[in-house]
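Undergrad: Input structure: structure_11.cif, which contains mmCIF, C-alpha atoms.
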```
data_work
loop_
_atom_site.group_PDB
_atom_site.id
_atom_site.type_symbol
_atom_site.label_atom_id
_atom_site.label_comp_id
_atom_site.auth_asym_id
_atom_site.auth_seq_id
_atom_site.Cartn_x
_atom_site.Cartn_y
_atom_site.Cartn_z
ATOM 1 C CA MET A 24 0.000 0.000 0.000
ATOM 2 C CA ASP A 25 1.162 3.542 -0.728
ATOM 3 C CA THR A 26 2.302 5.633 2.211
ATOM 4 C CA ILE A 27 2.222 9.285 3.130
ATOM 5 C CA ARG A 28 5.745 10.506 3.718
ATOM 6 C CA THR A 29 6.306 12.332 6.976
ATOM 7 C CA ARG A 30 9.089 14.573 8.236
ATOM 8 C CA ASP A 31 11.064 15.630 11.293
ATOM 9 C CA ASP A 32 10.387 13.563 14.422
ATOM 10 C CA MET A 33 7.746 11.494 12.616
ATOM 11 C CA ASP A 34 10.133 10.117 9.989
ATOM 12 C CA ASP A 35 10.227 6.712 11.667
ATOM 13 C CA TYR A 36 6.458 6.290 11.366
ATOM 14 C CA ARG A 37 4.760 5.781 7.997
ATOM 15 C CA LEU A 38 1.100 6.733 7.888
ATOM 16 C CA THR A 39 -0.731 4.286 5.651
ATOM 17 C CA GLU A 40 -4.315 4.741 4.532
ATOM 18 C CA ALA A 41 -5.259 1.745 6.686
ATOM 19 C CA LEU A 42 -3.759 3.371 9.779
ATOM 20 C CA LEU A 43 -5.474 6.701 9.089
ATOM 21 C CA CYS A 44 -8.870 4.986 8.965
ATOM 22 C CA GLY A 45 -8.345 2.679 11.936
ATOM 23 C CA GLN A 46 -7.853 -0.488 9.923
ATOM 24 C CA ASP A 47 -4.265 -1.174 10.987
ATOM 25 C CA GLU A 48 -3.180 -1.415 14.622
ATOM 26 C CA SER A 49 0.170 -3.127 13.975
ATOM 27 C CA LEU A 50 2.155 -0.089 15.170
ATOM 28 C CA MET A 51 0.298 0.332 18.440
ATOM 29 C CA VAL A 52 1.980 -0.335 21.779
ATOM 30 C CA ASP A 53 0.571 -0.783 25.269
ATOM 31 C CA VAL A 54 0.724 2.054 27.803
ATOM 32 C CA LEU A 55 -0.943 1.400 31.156
ATOM 33 C CA GLY A 56 -3.266 -1.133 29.552
ATOM 34 C CA CYS A 57 -4.279 0.957 26.516
ATOM 35 C CA PRO A 58 -2.956 0.741 22.943
ATOM 36 C CA VAL A 59 -1.463 3.967 21.577
ATOM 37 C CA HIS A 60 0.892 5.063 18.806
ATOM 38 C CA PRO A 61 4.539 4.727 19.922
ATOM 39 C CA ALA A 62 5.202 8.383 19.083
ATOM 40 C CA ILE A 63 3.105 9.547 22.048
ATOM 41 C CA VAL A 64 4.619 7.251 24.694
ATOM 42 C CA ALA A 65 7.555 9.420 25.803
ATOM 43 C CA PRO A 66 5.595 12.708 25.874
ATOM 44 C CA PHE A 67 2.729 11.055 27.736
ATOM 45 C CA GLU A 68 5.084 9.601 30.339
ATOM 46 C CA ALA A 69 6.616 13.058 30.797
ATOM 47 C CA LEU A 70 3.177 14.607 31.283
ATOM 48 C CA ARG A 71 2.242 11.778 33.639
ATOM 49 C CA SER A 72 5.347 12.399 35.744
ATOM 50 C CA ASP A 73 4.523 16.096 36.031
ATOM 51 C CA ALA A 74 0.963 15.191 37.026
ATOM 52 C CA ALA A 75 2.240 12.823 39.713
ATOM 53 C CA ARG A 76 4.369 15.587 41.222
ATOM 54 C CA ALA A 77 1.211 17.699 41.357
ATOM 55 C CA GLY A 78 -0.691 14.941 43.163
ATOM 56 C CA PHE A 79 -2.564 13.324 40.260
ATOM 57 C CA GLU A 80 -2.450 9.806 38.828
ATOM 58 C CA LEU A 81 -2.886 10.466 35.113
ATOM 59 C CA LYS A 82 -4.241 7.382 33.359
ATOM 60 C CA ILE A 83 -5.607 6.571 29.911
ATOM 61 C CA VAL A 84 -9.110 5.159 29.746
ATOM 62 C CA SER A 85 -9.239 5.019 25.930
ATOM 63 C CA GLY A 86 -6.445 5.128 23.351
ATOM 64 C CA PHE A 87 -6.425 3.511 19.904
ATOM 65 C CA ARG A 88 -9.889 2.482 18.728
ATOM 66 C CA GLY A 89 -10.147 0.535 15.488
ATOM 67 C CA PHE A 90 -12.541 0.985 12.588
ATOM 68 C CA ASP A 91 -14.601 -2.109 13.421
ATOM 69 C CA ARG A 92 -15.135 -0.971 17.016
ATOM 70 C CA GLN A 93 -16.145 2.521 15.905
ATOM 71 C CA LEU A 94 -18.473 0.991 13.299
ATOM 72 C CA ALA A 95 -20.139 -1.164 15.975
ATOM 73 C CA ILE A 96 -20.693 1.898 18.174
ATOM 74 C CA TRP A 97 -22.103 3.862 15.240
ATOM 75 C CA ASN A 98 -24.456 1.129 14.042
ATOM 76 C CA ALA A 99 -25.752 0.502 17.566
ATOM 77 C CA LYS A 100 -26.584 4.191 18.029
ATOM 78 C CA ALA A 101 -28.016 4.554 14.521
ATOM 79 C CA SER A 102 -30.394 1.628 15.097
ATOM 80 C CA GLY A 103 -31.518 2.599 18.592
ATOM 81 C CA ARG A 104 -29.633 -0.180 20.364
ATOM 82 C CA ARG A 105 -27.365 2.211 22.239
ATOM 83 C CA PRO A 106 -28.396 5.394 24.112
ATOM 84 C CA LEU A 107 -28.224 8.788 22.466
ATOM 85 C CA LEU A 108 -27.393 11.874 24.517
ATOM 86 C CA ASP A 109 -27.998 15.565 24.113
ATOM 87 C CA SER A 110 -25.303 18.200 24.585
ATOM 88 C CA ASP A 111 -25.725 18.038 28.372
ATOM 89 C CA GLY A 112 -25.313 14.267 28.448
ATOM 90 C CA GLN A 113 -29.043 13.642 28.947
ATOM 91 C CA PRO A 114 -30.905 10.833 27.099
ATOM 92 C CA LEU A 115 -32.727 11.507 23.831
ATOM 93 C CA CYS A 116 -35.737 9.592 22.465
ATOM 94 C CA PHE A 117 -34.570 7.685 19.386
ATOM 95 C CA ASN A 118 -38.051 7.433 17.831
ATOM 96 C CA GLU A 119 -38.586 11.191 17.946
ATOM 97 C CA LEU A 120 -35.508 12.095 15.873
ATOM 98 C CA SER A 121 -35.484 12.864 12.168
ATOM 99 C CA CYS A 122 -32.661 11.435 10.051
ATOM 100 C CA GLU A 123 -30.784 14.739 10.233
ATOM 101 C CA GLN A 124 -31.319 14.980 13.991
ATOM 102 C CA LEU A 125 -30.151 11.398 14.413
ATOM 103 C CA LEU A 126 -26.927 12.090 12.532
ATOM 104 C CA ASP A 127 -26.268 15.175 14.643
ATOM 105 C CA ALA A 128 -27.072 13.355 17.884
ATOM 106 C CA ILE A 129 -24.651 10.535 17.121
ATOM 107 C CA LEU A 130 -21.893 12.799 15.863
ATOM 108 C CA ARG A 131 -22.179 15.105 18.857
ATOM 109 C CA TRP A 132 -20.470 12.405 20.959
ATOM 110 C CA SER A 133 -19.231 9.688 18.560
ATOM 111 C CA ALA A 134 -17.006 9.951 15.500
ATOM 112 C CA LEU A 135 -17.776 8.606 12.067
ATOM 113 C CA PRO A 136 -16.060 5.244 11.533
ATOM 114 C CA GLY A 137 -12.895 5.990 9.582
ATOM 115 C CA ALA A 138 -12.760 9.538 10.926
ATOM 116 C CA SER A 139 -12.120 9.043 14.643
ATOM 117 C CA ARG A 140 -8.942 10.655 15.934
ATOM 118 C CA HIS A 141 -8.594 7.565 18.118
ATOM 119 C CA HIS A 142 -7.863 5.599 14.925
ATOM 120 C CA TRP A 143 -4.443 7.256 14.777
ATOM 121 C CA GLY A 144 -3.281 6.286 18.248
ATOM 122 C CA SER A 145 -2.412 9.969 18.737
ATOM 123 C CA ASP A 146 -5.470 10.780 20.837
ATOM 124 C CA ILE A 147 -6.308 9.601 24.332
ATOM 125 C CA ASP A 148 -9.052 10.047 26.925
ATOM 126 C CA VAL A 149 -7.600 10.586 30.390
ATOM 127 C CA TYR A 150 -8.674 10.699 34.026
ATOM 128 C CA ASP A 151 -7.229 10.926 37.530
ATOM 129 C CA ALA A 152 -7.150 7.430 39.029
ATOM 130 C CA ALA A 153 -6.235 8.886 42.425
ATOM 131 C CA ALA A 154 -9.556 10.741 42.626
ATOM 132 C CA VAL A 155 -11.819 7.680 42.550
ATOM 133 C CA ALA A 156 -12.017 4.136 43.908
ATOM 134 C CA SER A 157 -10.199 1.406 41.986
ATOM 135 C CA ASP A 158 -13.517 -0.098 40.844
ATOM 136 C CA TYR A 159 -14.929 3.227 39.608
ATOM 137 C CA SER A 160 -16.342 3.070 36.065
ATOM 138 C CA VAL A 161 -15.207 6.150 34.133
ATOM 139 C CA GLN A 162 -18.091 7.579 32.105
ATOM 140 C CA LEU A 163 -16.303 10.368 30.197
ATOM 141 C CA SER A 164 -19.139 12.731 31.029
ATOM 142 C CA PRO A 165 -19.249 16.515 31.524
ATOM 143 C CA GLN A 166 -20.316 15.927 35.123
ATOM 144 C CA GLU A 167 -17.024 14.141 35.873
ATOM 145 C CA VAL A 168 -14.727 16.865 34.541
ATOM 146 C CA ASN A 169 -16.543 20.109 35.294
ATOM 147 C CA ASP A 170 -16.629 21.957 38.633
ATOM 148 C CA GLY A 171 -17.493 19.565 41.424
ATOM 149 C CA GLY A 172 -16.651 16.469 39.414
ATOM 150 C CA PRO A 173 -13.975 14.029 40.610
ATOM 151 C CA PHE A 174 -11.635 14.842 37.728
ATOM 152 C CA ALA A 175 -12.093 18.623 37.692
ATOM 153 C CA PRO A 176 -8.876 19.294 39.681
ATOM 154 C CA LEU A 177 -6.809 17.273 37.194
ATOM 155 C CA HIS A 178 -8.263 19.210 34.289
ATOM 156 C CA ASP A 179 -7.770 22.534 36.020
ATOM 157 C CA TRP A 180 -4.103 21.556 36.342
ATOM 158 C CA LEU A 181 -4.031 20.506 32.686
ATOM 159 C CA ASP A 182 -5.533 23.882 31.746
ATOM 160 C CA HIS A 183 -2.484 25.517 33.323
ATOM 161 C CA GLN A 184 -0.025 23.161 31.618
ATOM 162 C CA LEU A 185 -1.624 23.668 28.214
ATOM 163 C CA ALA A 186 -1.761 27.441 28.585
ATOM 164 C CA ASN A 187 1.911 27.583 29.535
ATOM 165 C CA GLY A 188 3.267 25.302 26.800
ATOM 166 C CA ALA A 189 4.094 22.586 29.331
ATOM 167 C CA SER A 190 2.039 19.751 27.844
ATOM 168 C CA TYR A 191 4.718 18.103 25.641
ATOM 169 C CA GLY A 192 2.726 18.601 22.444
ATOM 170 C CA PHE A 193 -0.665 17.515 23.792
ATOM 171 C CA PHE A 194 -3.721 19.745 23.347
ATOM 172 C CA ARG A 195 -7.503 19.507 23.549
ATOM 173 C CA PRO A 196 -9.038 19.348 20.047
ATOM 174 C CA TYR A 197 -12.522 19.710 21.559
ATOM 175 C CA ALA A 198 -11.828 22.327 24.191
ATOM 176 C CA GLU A 199 -14.791 24.430 23.117
ATOM 177 C CA ASP A 200 -18.136 24.038 21.388
ATOM 178 C CA ARG A 201 -17.814 24.897 17.690
ATOM 179 C CA GLY A 202 -21.253 23.573 16.764
ATOM 180 C CA GLY A 203 -19.981 20.065 16.067
ATOM 181 C CA ILE A 204 -18.534 17.623 18.578
ATOM 182 C CA ALA A 205 -19.400 18.471 22.161
ATOM 183 C CA PRO A 206 -16.570 19.788 24.370
ATOM 184 C CA GLU A 207 -14.505 16.884 25.703
ATOM 185 C CA ARG A 208 -12.208 18.071 28.440
ATOM 186 C CA TRP A 209 -10.867 14.524 28.864
ATOM 187 C CA HIS A 210 -9.694 14.213 25.242
ATOM 188 C CA LEU A 211 -6.009 14.955 24.604
ATOM 189 C CA SER A 212 -4.323 14.848 21.214
ATOM 190 C CA TYR A 213 -0.598 14.669 20.454
ATOM 191 C CA ALA A 214 -0.244 17.487 17.917
ATOM 192 C CA PRO A 215 2.993 16.437 16.134
ATOM 193 C CA LEU A 216 1.268 13.242 14.984
ATOM 194 C CA SER A 217 -2.413 14.174 14.844
ATOM 195 C CA ALA A 218 -1.806 17.276 12.708
ATOM 196 C CA ARG A 219 -0.212 15.145 10.013
ATOM 197 C CA CYS A 220 -2.933 12.512 10.241
ATOM 198 C CA GLU A 221 -5.675 15.122 9.988
ATOM 199 C CA SER A 222 -4.027 16.707 6.977
ATOM 200 C CA ALA A 223 -3.856 13.331 5.244
ATOM 201 C CA LEU A 224 -7.435 12.237 5.982
ATOM 202 C CA THR A 225 -9.289 14.128 3.251
ATOM 203 C CA PRO A 226 -13.052 13.928 2.654
ATOM 204 C CA GLY A 227 -12.342 11.977 -0.534
ATOM 205 C CA ARG A 228 -10.421 9.258 1.301
ATOM 206 C CA LEU A 229 -13.082 9.063 3.993
ATOM 207 C CA ARG A 230 -15.841 8.806 1.375
ATOM 208 C CA GLN A 231 -14.131 5.822 -0.230
ATOM 209 C CA VAL A 232 -13.851 3.995 3.095
ATOM 210 C CA LEU A 233 -17.458 4.687 4.083
ATOM 211 C CA ALA A 234 -18.823 3.710 0.667
ATOM 212 C CA GLU A 235 -17.358 0.241 1.167
ATOM 213 C CA ALA A 236 -18.526 -0.141 4.782
ATOM 214 C CA ASP A 237 -21.659 -1.830 6.118
ATOM 215 C CA ILE A 238 -22.730 1.308 7.937
ATOM 216 C CA GLU A 239 -26.177 2.463 9.030
ATOM 217 C CA LEU A 240 -27.398 5.740 7.470
ATOM 218 C CA LYS A 241 -24.914 5.338 4.624
ATOM 219 C CA GLU A 242 -26.943 7.288 2.058
ATOM 220 C CA PRO A 243 -27.419 10.471 4.120
ATOM 221 C CA ILE A 244 -23.834 10.251 5.363
ATOM 222 C CA LEU A 245 -22.421 10.178 1.841
ATOM 223 C CA THR A 246 -24.878 12.814 0.615
ATOM 224 C CA HIS A 247 -23.855 15.277 3.332
ATOM 225 C CA LEU A 248 -20.288 14.115 3.906
ATOM 226 C CA ASP A 249 -18.583 17.409 3.049
ATOM 227 C CA GLU A 250 -20.694 19.267 5.616
ATOM 228 C CA LEU A 251 -20.330 16.486 8.193
ATOM 229 C CA TYR A 252 -16.564 16.538 7.666
ATOM 230 C CA ARG A 253 -16.442 20.287 8.204
ATOM 231 C CA ARG A 254 -18.541 20.180 11.368
ATOM 232 C CA TYR A 255 -17.540 16.916 12.994
ATOM 233 C CA VAL A 256 -14.137 15.830 11.649
ATOM 234 C CA ALA A 257 -11.961 18.849 10.881
ATOM 235 C CA VAL A 258 -10.324 20.629 13.803
ATOM 236 C CA PRO A 259 -9.308 24.200 12.893
ATOM 237 C CA LYS A 260 -5.676 25.220 12.884
ATOM 238 C CA GLU A 261 -6.244 27.723 15.654
ATOM 239 C CA ALA A 262 -7.188 24.876 18.018
ATOM 240 C CA TYR A 263 -3.705 23.371 17.651
ATOM 241 C CA PRO A 264 -0.695 24.687 19.555
ATOM 242 C CA SER A 265 0.789 27.354 17.299
ATOM 243 C CA ALA A 266 4.061 25.465 16.903
ATOM 244 C CA TYR A 267 2.273 22.506 15.308
ATOM 245 C CA ALA A 268 -0.505 24.132 13.262
ATOM 246 C CA PRO A 269 1.733 24.387 10.144
ATOM 247 C CA LEU A 270 1.977 20.585 10.095
ATOM 248 C CA LEU A 271 -1.633 20.447 8.919
ATOM 249 C CA ALA A 272 -0.347 21.233 5.417
ATOM 250 C CA VAL A 273 2.191 18.388 5.317
ATOM 251 C CA GLY A 274 -0.050 15.555 4.076
ATOM 252 C CA GLU A 275 0.341 14.357 0.487
ATOM 253 C CA GLU A 276 -2.188 12.827 -1.882
ATOM 254 C CA TYR A 277 -2.083 9.147 -2.752
#
```
Translate this structure into structure tokens?
TA:
Amino acid sequence: MDTIRTRDDMDDYRLTEALLCGQDESLMVDVLGCPVHPAIVAPFEALRSDAARAGFELKIVSGFRGFDRQLAIWNAKASGRRPLLDSDGQPLCFNELSCEQLLDAILRWSALPGASRHHWGSDIDVYDAAAVASDYSVQLSPQEVNDGGPFAPLHDWLDHQLANGASYGFFRPYAEDRGGIAPERWHLSYAPLSARCESALTPGRLRQVLAEADIELKEPILTHLDELYRRYVAVPKEAYPSAYAPLLAVGEEY
């Protein structure tokens, strides 16, 4: 398969089309029980060490997520077999949603298969294991990370690290509501890798993958894919740390 050439500190890692769309996990390595891309291991461990000195136990609850897993999540939500949530994390009634509303409800919290940033192994969902009991089930909900939630202190500390350029290349792609994916304070992305992956994953490549997939709502997805890509896939350059935003232009066509 053709590859997308990369540069600088990413030269050792070739980004194939299969990897970009979550169909190749051969590069992934285990960190604290979660698979991630090897490029993020050292920076994550550095961030984790800083967090420990501040009194937090930074752990990953979700790292790499493959295409098939994302497809299963999507199809379950699109067929009413898995709960749908509004922007506040409250349940929606599946039978009351139009096709357009259903697409928006799913995409508010779940990525299109083939377009999840978790496919790249560059993005992780994190929490503070020291703040909860060992048998606590992390929900990745706004209530957990906002004021009063068990993980709010960790994220307040991360706010400071991010603002002061002390996050080793990690940033929050969904730090604010842009009318697409809901804010996810728990979601960190390693910019040196994710910027190149995002640049390479064009709407055309995503369309080809989705056209071949056994995915619910395929027709409206493909009909509106350019708009869905703009709202729910693309992260604007200004969301990236300024040092890494130029990498969004590195990707090359197949």
Undergrad: Given the file above and the PyMOL selection byres ((chain A and resi 59) around 12), which residues are selected, and can you give them as number ranges by chain?
TA: A: 45, 48-58, 60-65, 67, 83-89, 140-148, 212-213, 216
Undergrad: Which one of A:Phe117, A:Tyr150, A:Tyr267, A:Trp97 sits closest to Val168 in chain A if you count only C-alpha atoms?
TA: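 Using only C-alpha atoms, the shortest distance to Val168 in chain A belongs to A:Tyr150.
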Undergrad: Counting all atoms listed in the file, which of A:Ala138, A:Ala262, A:Leu271, A:Leu81 gets nearest to Gln46 in chain A?
TA: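 Among the listed residues, the smallest separation from Gln46 in chain A belongs to A:Ala138.
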Undergrad: Would you give me, as a Markdown table, each residue of range 142-166 of chain A having an atom within 12 Å of an atom of range 171-184 of chain A, along with its shortest atom pair and that distance in Å to one decimal, using only C-alpha atoms and sorting by chain and residue number?
TA:
```
| residue | atom | partner | partner_atom | distance |
| --- | --- | --- | --- | --- |
| A:Asp148 | CA | A:His178 | CA | 11.8 |
| A:Val149 | CA | A:Phe174 | CA | 9.4 |
| A:Tyr150 | CA | A:Phe174 | CA | 6.3 |
| A:Asp151 | CA | A:Phe174 | CA | 5.9 |
| A:Ala152 | CA | A:Phe174 | CA | 8.8 |
| A:Ala153 | CA | A:Phe174 | CA | 9.3 |
| A:Ala154 | CA | A:Pro173 | CA | 5.9 |
| A:Val155 | CA | A:Pro173 | CA | 7.0 |
| A:Ala156 | CA | A:Pro173 | CA | 10.6 |
| A:Tyr159 | CA | A:Pro173 | CA | 10.9 |
| A:Val161 | CA | A:Phe174 | CA | 10.1 |
| A:Gln162 | CA | A:Phe174 | CA | 11.2 |
| A:Leu163 | CA | A:Phe174 | CA | 9.9 |
| A:Ser164 | CA | A:Gly172 | CA | 9.5 |
| A:Pro165 | CA | A:Gly172 | CA | 8.3 |
| A:Gln166 | CA | A:Gly172 | CA | 5.7 |
```
Undergrad: Specify as a list of chain:residue names each residue included when the PyMOL selection byres ((chain A and resi 100) around 10) is applied to this file.
TA: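 With the shown file as input, the PyMOL selection byres ((chain A and resi 100) around 10) matches A:Leu94, A:Ala95, A:Ile96, A:Trp97, A:Asn98, A:Ala99, A:Ala101, A:Ser102, A:Gly103, A:Arg104, A:Arg105, A:Pro106, A:Leu107, A:Phe117, A:Leu125, A:Leu126, A:Ala128, A:Ile129, A:Ser133, A:Glu239.
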Undergrad: May I ask which of the residues A:Tyr191, A:Tyr255, A:Trp132, A:Tyr263 is the closest one to Leu108 in chain A, counting all atoms listed in the file?
TA: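 Selected residue with least distance to Leu108 in chain A: A:Trp132.
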